[in-house]
>>> print(open('work-v9.cif').read())   # mmCIF, N, CA and C atoms
data_entry
loop_
_atom_site.label_atom_id
_atom_site.label_comp_id
_atom_site.auth_asym_id
_atom_site.auth_seq_id
_atom_site.Cartn_x
_atom_site.Cartn_y
_atom_site.Cartn_z
N MET A 2 -11.39 22.46 28.18
CA MET A 2 -9.98 22.83 28.18
C MET A 2 -9.13 21.64 27.70
N PHE A 3 -9.41 20.46 28.26
CA PHE A 3 -8.65 19.26 27.86
C PHE A 3 -8.84 18.97 26.37
N LEU A 4 -10.07 19.10 25.89
CA LEU A 4 -10.36 18.83 24.48
C LEU A 4 -9.59 19.80 23.58
N LYS A 5 -9.56 21.06 23.95
CA LYS A 5 -8.83 22.06 23.17
C LYS A 5 -7.34 21.72 23.14
N PHE A 6 -6.78 21.34 24.26
CA PHE A 6 -5.37 20.95 24.34
C PHE A 6 -5.12 19.71 23.48
N PHE A 7 -6.00 18.73 23.58
CA PHE A 7 -5.86 17.49 22.81
C PHE A 7 -5.90 17.76 21.31
N LEU A 8 -6.85 18.60 20.87
CA LEU A 8 -6.96 18.93 19.44
C LEU A 8 -5.72 19.66 18.95
N MET A 9 -5.20 20.58 19.75
CA MET A 9 -4.00 21.31 19.36
C MET A 9 -2.80 20.36 19.28
N LEU A 10 -2.68 19.49 20.26
CA LEU A 10 -1.59 18.52 20.26
C LEU A 10 -1.69 17.58 19.07
N SER A 11 -2.89 17.14 18.74
CA SER A 11 -3.10 16.26 17.58
C SER A 11 -2.70 16.96 16.29
N PHE A 12 -3.06 18.22 16.17
CA PHE A 12 -2.71 18.98 14.97
C PHE A 12 -1.19 19.11 14.84
N ILE A 13 -0.54 19.48 15.91
CA ILE A 13 0.92 19.63 15.89
C ILE A 13 1.58 18.30 15.57
N TYR A 14 1.12 17.22 16.16
CA TYR A 14 1.70 15.90 15.92
C TYR A 14 1.52 15.50 14.45
N SER A 15 0.34 15.69 13.91
CA SER A 15 0.12 15.27 12.52
C SER A 15 0.93 16.13 11.57
N PHE A 16 1.08 17.41 11.85
CA PHE A 16 1.86 18.28 10.99
C PHE A 16 3.34 17.88 11.04
N SER A 17 3.87 17.68 12.23
CA SER A 17 5.29 17.33 12.33
C SER A 17 5.56 15.93 11.80
N TYR A 18 4.60 15.03 11.94
CA TYR A 18 4.80 13.67 11.44
C TYR A 18 4.86 13.67 9.92
N ALA A 19 4.01 14.48 9.29
CA ALA A 19 4.01 14.55 7.83
C ALA A 19 5.33 15.09 7.32
N ASP A 20 5.94 16.02 8.06
CA ASP A 20 7.21 16.58 7.64
C ASP A 20 8.35 15.58 7.79
N THR A 21 8.15 14.51 8.51
CA THR A 21 9.23 13.57 8.75
C THR A 21 9.04 12.27 7.98
N PHE A 22 8.20 12.26 6.96
CA PHE A 22 7.95 11.05 6.19
C PHE A 22 9.26 10.54 5.61
N LEU A 23 9.63 9.34 5.98
CA LEU A 23 10.83 8.65 5.52
C LEU A 23 12.15 9.32 5.91
N ASP A 24 12.13 10.20 6.91
CA ASP A 24 13.38 10.87 7.31
C ASP A 24 14.46 9.89 7.74
N LYS A 25 14.09 8.92 8.54
CA LYS A 25 15.08 7.93 9.00
C LYS A 25 15.66 7.15 7.82
N GLU A 26 14.78 6.76 6.91
CA GLU A 26 15.21 6.01 5.74
C GLU A 26 16.05 6.87 4.80
N ARG A 27 15.70 8.14 4.67
CA ARG A 27 16.48 9.07 3.83
C ARG A 27 17.89 9.21 4.37
N LEU A 28 18.00 9.36 5.67
CA LEU A 28 19.31 9.51 6.29
C LEU A 28 20.15 8.25 6.09
N GLN A 29 19.55 7.10 6.33
CA GLN A 29 20.26 5.82 6.15
C GLN A 29 20.69 5.65 4.69
N ALA A 30 19.78 5.89 3.76
CA ALA A 30 20.11 5.72 2.33
C ALA A 30 21.21 6.68 1.90
N SER A 31 21.17 7.90 2.36
CA SER A 31 22.22 8.87 2.01
C SER A 31 23.57 8.43 2.54
N LYS A 32 23.57 8.01 3.79
CA LYS A 32 24.81 7.59 4.43
C LYS A 32 25.42 6.37 3.75
N GLU A 33 24.57 5.44 3.30
CA GLU A 33 25.04 4.18 2.71
C GLU A 33 25.07 4.20 1.19
N LYS A 34 24.82 5.37 0.59
CA LYS A 34 24.79 5.52 -0.88
C LYS A 34 23.82 4.54 -1.53
N LYS A 35 22.60 4.57 -1.02
CA LYS A 35 21.53 3.71 -1.52
C LYS A 35 20.36 4.57 -1.98
N LEU A 36 19.44 3.95 -2.67
CA LEU A 36 18.18 4.57 -3.04
C LEU A 36 17.09 4.01 -2.12
N ILE A 37 15.93 4.61 -2.15
CA ILE A 37 14.80 4.13 -1.34
C ILE A 37 13.83 3.39 -2.26
N LEU A 38 13.50 2.18 -1.87
CA LEU A 38 12.47 1.40 -2.57
C LEU A 38 11.23 1.44 -1.70
N LEU A 39 10.21 2.13 -2.17
CA LEU A 39 8.96 2.27 -1.43
C LEU A 39 7.90 1.40 -2.08
N SER A 40 7.45 0.39 -1.34
CA SER A 40 6.40 -0.51 -1.82
C SER A 40 5.08 -0.05 -1.22
N ILE A 41 4.10 0.21 -2.09
CA ILE A 41 2.79 0.65 -1.64
C ILE A 41 1.79 -0.42 -2.04
N SER A 42 1.01 -0.86 -1.07
CA SER A 42 0.04 -1.90 -1.35
C SER A 42 -1.16 -1.78 -0.42
N SER A 43 -1.93 -2.84 -0.41
CA SER A 43 -3.08 -2.97 0.47
C SER A 43 -3.00 -4.37 1.08
N GLU A 44 -3.48 -4.52 2.27
CA GLU A 44 -3.37 -5.82 2.94
C GLU A 44 -4.07 -6.93 2.18
N HIS A 45 -5.05 -6.58 1.37
CA HIS A 45 -5.83 -7.59 0.67
C HIS A 45 -5.44 -7.74 -0.80
N CYS A 46 -4.32 -7.17 -1.18
CA CYS A 46 -3.87 -7.23 -2.57
C CYS A 46 -3.19 -8.57 -2.82
N PRO A 47 -3.78 -9.44 -3.64
CA PRO A 47 -3.19 -10.76 -3.87
C PRO A 47 -1.83 -10.69 -4.55
N TYR A 48 -1.61 -9.66 -5.37
CA TYR A 48 -0.33 -9.55 -6.06
C TYR A 48 0.79 -9.13 -5.11
N PHE A 49 0.45 -8.28 -4.13
CA PHE A 49 1.48 -7.93 -3.15
C PHE A 49 1.79 -9.12 -2.25
N VAL A 50 0.77 -9.87 -1.88
CA VAL A 50 0.99 -11.07 -1.07
C VAL A 50 1.95 -12.01 -1.80
N LYS A 51 1.75 -12.14 -3.10
CA LYS A 51 2.62 -13.00 -3.91
C LYS A 51 4.04 -12.43 -3.98
N MET A 52 4.16 -11.11 -4.18
CA MET A 52 5.49 -10.48 -4.20
C MET A 52 6.18 -10.62 -2.86
N LYS A 53 5.43 -10.43 -1.80
CA LYS A 53 6.01 -10.55 -0.45
C LYS A 53 6.56 -11.96 -0.25
N LYS A 54 5.76 -12.95 -0.62
CA LYS A 54 6.18 -14.34 -0.44
C LYS A 54 7.37 -14.68 -1.33
N ASN A 55 7.32 -14.29 -2.59
CA ASN A 55 8.35 -14.69 -3.56
C ASN A 55 9.59 -13.82 -3.56
N ILE A 56 9.47 -12.57 -3.09
CA ILE A 56 10.62 -11.66 -3.14
C ILE A 56 11.00 -11.15 -1.76
N PHE A 57 10.08 -10.45 -1.11
CA PHE A 57 10.42 -9.74 0.12
C PHE A 57 10.62 -10.65 1.34
N ASP A 58 10.16 -11.88 1.28
CA ASP A 58 10.41 -12.83 2.37
C ASP A 58 11.51 -13.83 2.00
N ASN A 59 12.11 -13.66 0.84
CA ASN A 59 13.16 -14.56 0.36
C ASN A 59 14.52 -13.96 0.71
N VAL A 60 15.29 -14.66 1.52
CA VAL A 60 16.57 -14.14 2.03
C VAL A 60 17.52 -13.75 0.90
N ALA A 61 17.62 -14.56 -0.14
CA ALA A 61 18.53 -14.26 -1.25
C ALA A 61 18.14 -12.97 -1.95
N TYR A 62 16.85 -12.76 -2.18
CA TYR A 62 16.41 -11.54 -2.85
C TYR A 62 16.53 -10.33 -1.93
N ILE A 63 16.23 -10.51 -0.68
CA ILE A 63 16.37 -9.41 0.29
C ILE A 63 17.82 -8.94 0.36
N GLN A 64 18.75 -9.88 0.35
CA GLN A 64 20.17 -9.50 0.38
C GLN A 64 20.54 -8.67 -0.85
N LYS A 65 20.02 -9.05 -2.00
CA LYS A 65 20.30 -8.29 -3.22
C LYS A 65 19.68 -6.89 -3.15
N ILE A 66 18.46 -6.82 -2.66
CA ILE A 66 17.77 -5.53 -2.57
C ILE A 66 18.49 -4.61 -1.59
N THR A 67 18.85 -5.12 -0.43
CA THR A 67 19.44 -4.27 0.61
C THR A 67 20.88 -3.86 0.31
N GLN A 68 21.48 -4.41 -0.71
CA GLN A 68 22.81 -3.94 -1.13
C GLN A 68 22.71 -2.53 -1.71
N SER A 69 21.59 -2.22 -2.34
CA SER A 69 21.46 -0.95 -3.05
C SER A 69 20.28 -0.09 -2.61
N TYR A 70 19.40 -0.66 -1.80
CA TYR A 70 18.17 0.05 -1.44
C TYR A 70 17.86 -0.06 0.05
N VAL A 71 17.18 0.97 0.54
CA VAL A 71 16.51 0.90 1.83
C VAL A 71 15.05 0.66 1.47
N HIS A 72 14.54 -0.50 1.87
CA HIS A 72 13.18 -0.89 1.47
C HIS A 72 12.17 -0.54 2.56
N VAL A 73 11.08 0.08 2.13
CA VAL A 73 9.99 0.46 3.04
C VAL A 73 8.69 0.01 2.41
N THR A 74 7.84 -0.64 3.20
CA THR A 74 6.51 -1.02 2.74
C THR A 74 5.49 -0.22 3.53
N ILE A 75 4.53 0.35 2.82
CA ILE A 75 3.47 1.11 3.48
C ILE A 75 2.15 0.81 2.76
N MET A 76 1.10 0.78 3.52
CA MET A 76 -0.21 0.51 2.95
C MET A 76 -0.79 1.80 2.36
N ASN A 77 -1.47 1.68 1.25
CA ASN A 77 -2.04 2.82 0.56
C ASN A 77 -3.02 3.60 1.44
N GLU A 78 -3.62 2.93 2.39
CA GLU A 78 -4.59 3.57 3.28
C GLU A 78 -3.94 4.29 4.45
N ASP A 79 -2.64 4.13 4.63
CA ASP A 79 -1.93 4.71 5.77
C ASP A 79 -1.95 6.24 5.68
N PRO A 80 -2.42 6.93 6.72
CA PRO A 80 -2.50 8.38 6.67
C PRO A 80 -1.13 9.07 6.59
N ARG A 81 -0.05 8.36 6.92
CA ARG A 81 1.29 8.94 6.83
C ARG A 81 1.75 9.10 5.39
N LEU A 82 1.15 8.34 4.47
CA LEU A 82 1.54 8.38 3.07
C LEU A 82 1.10 9.70 2.46
N PRO A 83 2.03 10.48 1.93
CA PRO A 83 1.64 11.76 1.32
C PRO A 83 0.64 11.53 0.17
N LYS A 84 -0.27 12.44 0.04
CA LYS A 84 -1.31 12.32 -1.01
C LYS A 84 -0.69 12.16 -2.39
N SER A 85 0.44 12.76 -2.62
CA SER A 85 1.08 12.68 -3.94
C SER A 85 1.56 11.27 -4.26
N LEU A 86 1.66 10.40 -3.25
CA LEU A 86 2.11 9.04 -3.48
C LEU A 86 1.00 8.00 -3.41
N HIS A 87 -0.24 8.44 -3.19
CA HIS A 87 -1.36 7.48 -3.23
C HIS A 87 -1.49 6.99 -4.66
N VAL A 88 -1.74 5.73 -4.81
CA VAL A 88 -1.73 5.13 -6.15
C VAL A 88 -3.07 4.51 -6.50
N LYS A 89 -3.24 4.30 -7.78
CA LYS A 89 -4.46 3.70 -8.30
C LYS A 89 -4.32 2.18 -8.40
N TYR A 90 -3.13 1.72 -8.79
CA TYR A 90 -2.90 0.29 -9.03
C TYR A 90 -1.96 -0.27 -7.97
N LEU A 91 -2.32 -1.44 -7.45
CA LEU A 91 -1.53 -2.05 -6.38
C LEU A 91 -1.05 -3.43 -6.81
N PRO A 92 0.13 -3.80 -6.38
CA PRO A 92 1.11 -2.98 -5.67
C PRO A 92 1.83 -2.03 -6.63
N THR A 93 2.35 -0.95 -6.09
CA THR A 93 3.19 -0.02 -6.83
C THR A 93 4.51 0.11 -6.10
N GLN A 94 5.58 0.10 -6.86
CA GLN A 94 6.93 0.28 -6.32
C GLN A 94 7.44 1.63 -6.80
N TYR A 95 7.91 2.45 -5.87
CA TYR A 95 8.56 3.71 -6.22
C TYR A 95 10.03 3.58 -5.86
N ILE A 96 10.87 4.06 -6.74
CA ILE A 96 12.28 4.22 -6.40
C ILE A 96 12.48 5.71 -6.21
N LEU A 97 12.92 6.07 -5.00
CA LEU A 97 13.01 7.47 -4.61
C LEU A 97 14.45 7.87 -4.34
N SER A 98 14.74 9.12 -4.62
CA SER A 98 16.04 9.69 -4.27
C SER A 98 16.03 10.01 -2.78
N PRO A 99 17.07 9.62 -2.04
CA PRO A 99 17.10 9.95 -0.61
C PRO A 99 17.31 11.45 -0.38
N LYS A 100 17.81 12.12 -1.37
CA LYS A 100 18.10 13.55 -1.24
C LYS A 100 16.84 14.37 -1.04
N ASP A 101 15.82 14.11 -1.90
CA ASP A 101 14.63 14.95 -1.87
C ASP A 101 13.33 14.16 -2.06
N LEU A 102 13.42 12.84 -2.01
CA LEU A 102 12.29 11.94 -2.23
C LEU A 102 11.68 12.09 -3.63
N LYS A 103 12.48 12.56 -4.56
CA LYS A 103 12.04 12.66 -5.95
C LYS A 103 11.84 11.24 -6.50
N ILE A 104 10.78 11.05 -7.27
CA ILE A 104 10.51 9.75 -7.86
C ILE A 104 11.46 9.56 -9.04
N ILE A 105 12.30 8.53 -8.94
CA ILE A 105 13.25 8.20 -9.99
C ILE A 105 12.59 7.28 -11.00
N ASP A 106 11.83 6.31 -10.49
CA ASP A 106 11.15 5.35 -11.33
C ASP A 106 9.98 4.78 -10.55
N GLU A 107 9.04 4.21 -11.26
CA GLU A 107 7.90 3.56 -10.60
C GLU A 107 7.37 2.47 -11.51
N PHE A 108 6.86 1.44 -10.89
CA PHE A 108 6.23 0.36 -11.66
C PHE A 108 5.16 -0.28 -10.81
N ALA A 109 4.09 -0.70 -11.49
CA ALA A 109 2.93 -1.24 -10.79
C ALA A 109 2.73 -2.70 -11.19
N GLY A 110 2.14 -3.45 -10.28
CA GLY A 110 1.78 -4.83 -10.54
C GLY A 110 2.84 -5.81 -10.08
N TYR A 111 2.52 -7.07 -10.26
CA TYR A 111 3.42 -8.16 -9.87
C TYR A 111 4.51 -8.32 -10.92
N MET A 112 5.71 -8.64 -10.45
CA MET A 112 6.82 -8.99 -11.34
C MET A 112 7.46 -10.27 -10.85
N GLU A 113 7.96 -11.03 -11.78
CA GLU A 113 8.73 -12.23 -11.41
C GLU A 113 9.99 -11.77 -10.68
N PRO A 114 10.42 -12.53 -9.68
CA PRO A 114 11.56 -12.12 -8.86
C PRO A 114 12.82 -11.73 -9.64
N ASN A 115 13.24 -12.53 -10.59
CA ASN A 115 14.47 -12.22 -11.33
C ASN A 115 14.34 -10.92 -12.12
N HIS A 116 13.20 -10.73 -12.73
CA HIS A 116 12.96 -9.50 -13.50
C HIS A 116 12.94 -8.28 -12.56
N PHE A 117 12.32 -8.43 -11.41
CA PHE A 117 12.25 -7.35 -10.42
C PHE A 117 13.66 -6.94 -9.97
N ILE A 118 14.49 -7.92 -9.64
CA ILE A 118 15.86 -7.64 -9.20
C ILE A 118 16.67 -6.99 -10.31
N GLU A 119 16.54 -7.48 -11.53
CA GLU A 119 17.25 -6.89 -12.67
C GLU A 119 16.87 -5.43 -12.86
N LEU A 120 15.59 -5.14 -12.75
CA LEU A 120 15.11 -3.78 -12.90
C LEU A 120 15.68 -2.87 -11.81
N LEU A 121 15.69 -3.36 -10.57
CA LEU A 121 16.25 -2.58 -9.46
C LEU A 121 17.73 -2.30 -9.68
N GLU A 122 18.46 -3.32 -10.11
CA GLU A 122 19.90 -3.15 -10.34
C GLU A 122 20.16 -2.15 -11.45
N GLU A 123 19.36 -2.22 -12.51
CA GLU A 123 19.52 -1.30 -13.64
C GLU A 123 19.29 0.15 -13.21
N VAL A 124 18.22 0.38 -12.48
CA VAL A 124 17.92 1.75 -12.02
C VAL A 124 19.01 2.24 -11.08
N TYR A 125 19.47 1.40 -10.18
CA TYR A 125 20.51 1.80 -9.23
C TYR A 125 21.77 2.23 -9.97
N HIS A 126 22.20 1.42 -10.92
CA HIS A 126 23.44 1.72 -11.64
C HIS A 126 23.32 2.96 -12.52
N GLN A 127 22.12 3.26 -12.99
CA GLN A 127 21.92 4.49 -13.76
C GLN A 127 21.97 5.72 -12.84
N GLU A 128 21.48 5.58 -11.62
CA GLU A 128 21.39 6.72 -10.71
C GLU A 128 22.65 6.96 -9.89
N ILE A 129 23.27 5.89 -9.43
CA ILE A 129 24.46 6.00 -8.58
C ILE A 129 25.68 5.67 -9.43
N LYS A 130 26.35 6.69 -9.86
CA LYS A 130 27.50 6.49 -10.74
C LYS A 130 28.79 6.75 -10.00
#
>>> encode(input="work-v9.cif", output="structure tokens")
Amino acid sequence: MFLKFFLMLSFIYSFSYADTFLDKERLQASKEKKLILLSISSEHCPYFVKMKKNIFDNVAYIQKITQSYVHVTIMNEDPRLPKSLHVKYLPTQYILSPKDLKIIDEFAGYMEPNHFIELLEEVYHQEIK
């Protein structure tokens, strides 16, 4: 009886959790007129480690990113990541619409910090007019 209850509860939880992927971030981005920057990587990806150190842990770059984006990092192996967003090359950055999580742009691999910020600013200004 307990096992049946546990399996049913697990199924309901996993189904409802999948339906809420990035809901909090979507709400925040919509409210603040921002886009969602979704970084997908793996813990052992040397290029993501380098991006994290040079961009995502740098206060000046984080301030620039958070002016226009809600940034979320998720590992490619995370079961919460929808199958449609699993990637072949790491790291991959998706720029998503908060309205419907439509992919606006995507790019894979390491980028120099200034180039990365310029690209984000360009996409933001094209999308949010």
>>> select_by_dssp(input="work-v9.cif", residues="region 75-117 of chain A", states="strand (DSSP E)", output="list of chain:residue names")
A:Ile75, A:Met76, A:Thr93, A:Gln94, A:Tyr95, A:Ile96, A:Leu97, A:Ile104, A:Ile105, A:Asp106, A:Glu107, A:Phe108, A:Ala109
>>> atom_distance(input="work-v9.cif", atom1="atom N of Ile75 (chain A)", atom2="atom N of Ile41 (chain A)")
4.9 Å
>>> residues_around(input="work-v9.cif", residues="region 56-66 of chain A", least_positions_apart="4", cutoff="8 Å", atoms="all atoms listed in the file", output="list in words")
Val50, Lys51, Met52, Tyr70, Val71, His72, Glu113, Pro114, Asn115, Ile118, Leu121 and Glu122 of chain A
>>> closest_residue(input="work-v9.cif", among="A:Ile129, A:Leu39, A:Cys46, A:Met76", to="Glu107 (chain A)", atoms="only C-alpha atoms")
A:Leu39
>>> atom_distance(input="work-v9.cif", atom1="atom C of Lys25 (chain A)", atom2="atom N of Lys103 (chain A)")
13.9 Å
>>> atom_distance(input="work-v9.cif", atom1="CA of Met112 (chain A)", atom2="atom C of Lys89 (chain A)")
16.0 Å
>>> resolve_selection(input="work-v9.cif", expression="the PyMOL selection byres (((chain A and resi 99 and name CA) around 8) and name CA)", output="PDB file with N, CA and C atoms, in the frame of the given file")
ATOM      1  N   GLU A  26      14.780   6.760   6.910  1.00  0.00           N
ATOM      2  CA  GLU A  26      15.210   6.010   5.740  1.00  0.00           C
ATOM      3  C   GLU A  26      16.050   6.870   4.800  1.00  0.00           C
ATOM      4  N   ARG A  27      15.700   8.140   4.670  1.00  0.00           N
ATOM      5  CA  ARG A  27      16.480   9.070   3.830  1.00  0.00           C
ATOM      6  C   ARG A  27      17.890   9.210   4.370  1.00  0.00           C
ATOM      7  N   LEU A  28      18.000   9.360   5.670  1.00  0.00           N
ATOM      8  CA  LEU A  28      19.310   9.510   6.290  1.00  0.00           C
ATOM      9  C   LEU A  28      20.150   8.250   6.090  1.00  0.00           C
ATOM     10  N   ALA A  30      19.780   5.890   3.760  1.00  0.00           N
ATOM     11  CA  ALA A  30      20.110   5.720   2.330  1.00  0.00           C
ATOM     12  C   ALA A  30      21.210   6.680   1.900  1.00  0.00           C
ATOM     13  N   SER A  31      21.170   7.900   2.360  1.00  0.00           N
ATOM     14  CA  SER A  31      22.220   8.870   2.010  1.00  0.00           C
ATOM     15  C   SER A  31      23.570   8.430   2.540  1.00  0.00           C
ATOM     16  N   LYS A  35      22.600   4.570  -1.020  1.00  0.00           N
ATOM     17  CA  LYS A  35      21.530   3.710  -1.520  1.00  0.00           C
ATOM     18  C   LYS A  35      20.360   4.570  -1.980  1.00  0.00           C
ATOM     19  N   LEU A  36      19.440   3.950  -2.670  1.00  0.00           N
ATOM     20  CA  LEU A  36      18.180   4.570  -3.040  1.00  0.00           C
ATOM     21  C   LEU A  36      17.090   4.010  -2.120  1.00  0.00           C
ATOM     22  N   ILE A  37      15.930   4.610  -2.150  1.00  0.00           N
ATOM     23  CA  ILE A  37      14.800   4.130  -1.340  1.00  0.00           C
ATOM     24  C   ILE A  37      13.830   3.390  -2.260  1.00  0.00           C
ATOM     25  N   LEU A  97      12.920   6.070  -5.000  1.00  0.00           N
ATOM     26  CA  LEU A  97      13.010   7.470  -4.610  1.00  0.00           C
ATOM     27  C   LEU A  97      14.450   7.870  -4.340  1.00  0.00           C
ATOM     28  N   SER A  98      14.740   9.120  -4.620  1.00  0.00           N
ATOM     29  CA  SER A  98      16.040   9.690  -4.270  1.00  0.00           C
ATOM     30  C   SER A  98      16.030  10.010  -2.780  1.00  0.00           C
ATOM     31  N   LYS A 100      17.810  12.120  -1.370  1.00  0.00           N
ATOM     32  CA  LYS A 100      18.100  13.550  -1.240  1.00  0.00           C
ATOM     33  C   LYS A 100      16.840  14.370  -1.040  1.00  0.00           C
ATOM     34  N   ASP A 101      15.820  14.110  -1.900  1.00  0.00           N
ATOM     35  CA  ASP A 101      14.630  14.950  -1.870  1.00  0.00           C
ATOM     36  C   ASP A 101      13.330  14.160  -2.060  1.00  0.00           C
ATOM     37  N   LEU A 102      13.420  12.840  -2.010  1.00  0.00           N
ATOM     38  CA  LEU A 102      12.290  11.940  -2.230  1.00  0.00           C
ATOM     39  C   LEU A 102      11.680  12.090  -3.630  1.00  0.00           C
ATOM     40  N   LYS A 103      12.480  12.560  -4.560  1.00  0.00           N
ATOM     41  CA  LYS A 103      12.040  12.660  -5.950  1.00  0.00           C
ATOM     42  C   LYS A 103      11.840  11.240  -6.500  1.00  0.00           C
TER      43      LYS A 103
END
>>> resolve_selection(input="work-v9.cif", expression="the PyMOL selection byres ((chain A and resi 91) around 7)", output="PyMOL selection string")
chain A and resi 41-43+46+48-49+88-90+92-93+109-111
>>> axis_aligned_box(input="work-v9.cif", around="region 47-52 of chain A", padding_each_side="4 Å", output="AutoDock Vina command-line options")
--center_x 1.2 --center_y -10.5 --center_z -3.6 --size_x 18.0 --size_y 13.1 --size_z 13.0
>>> closest_residue(input="work-v9.cif", among="A:Gln127, A:Thr74, A:Glu119, A:Asp24", to="Tyr95 (chain A)", atoms="only C-alpha atoms")
A:Thr74
>>> closest_residue(input="work-v9.cif", among="A:Thr21, A:Ser69, A:His116, A:His45", to="Glu33 (chain A)", atoms="all atoms listed in the file")
A:Ser69
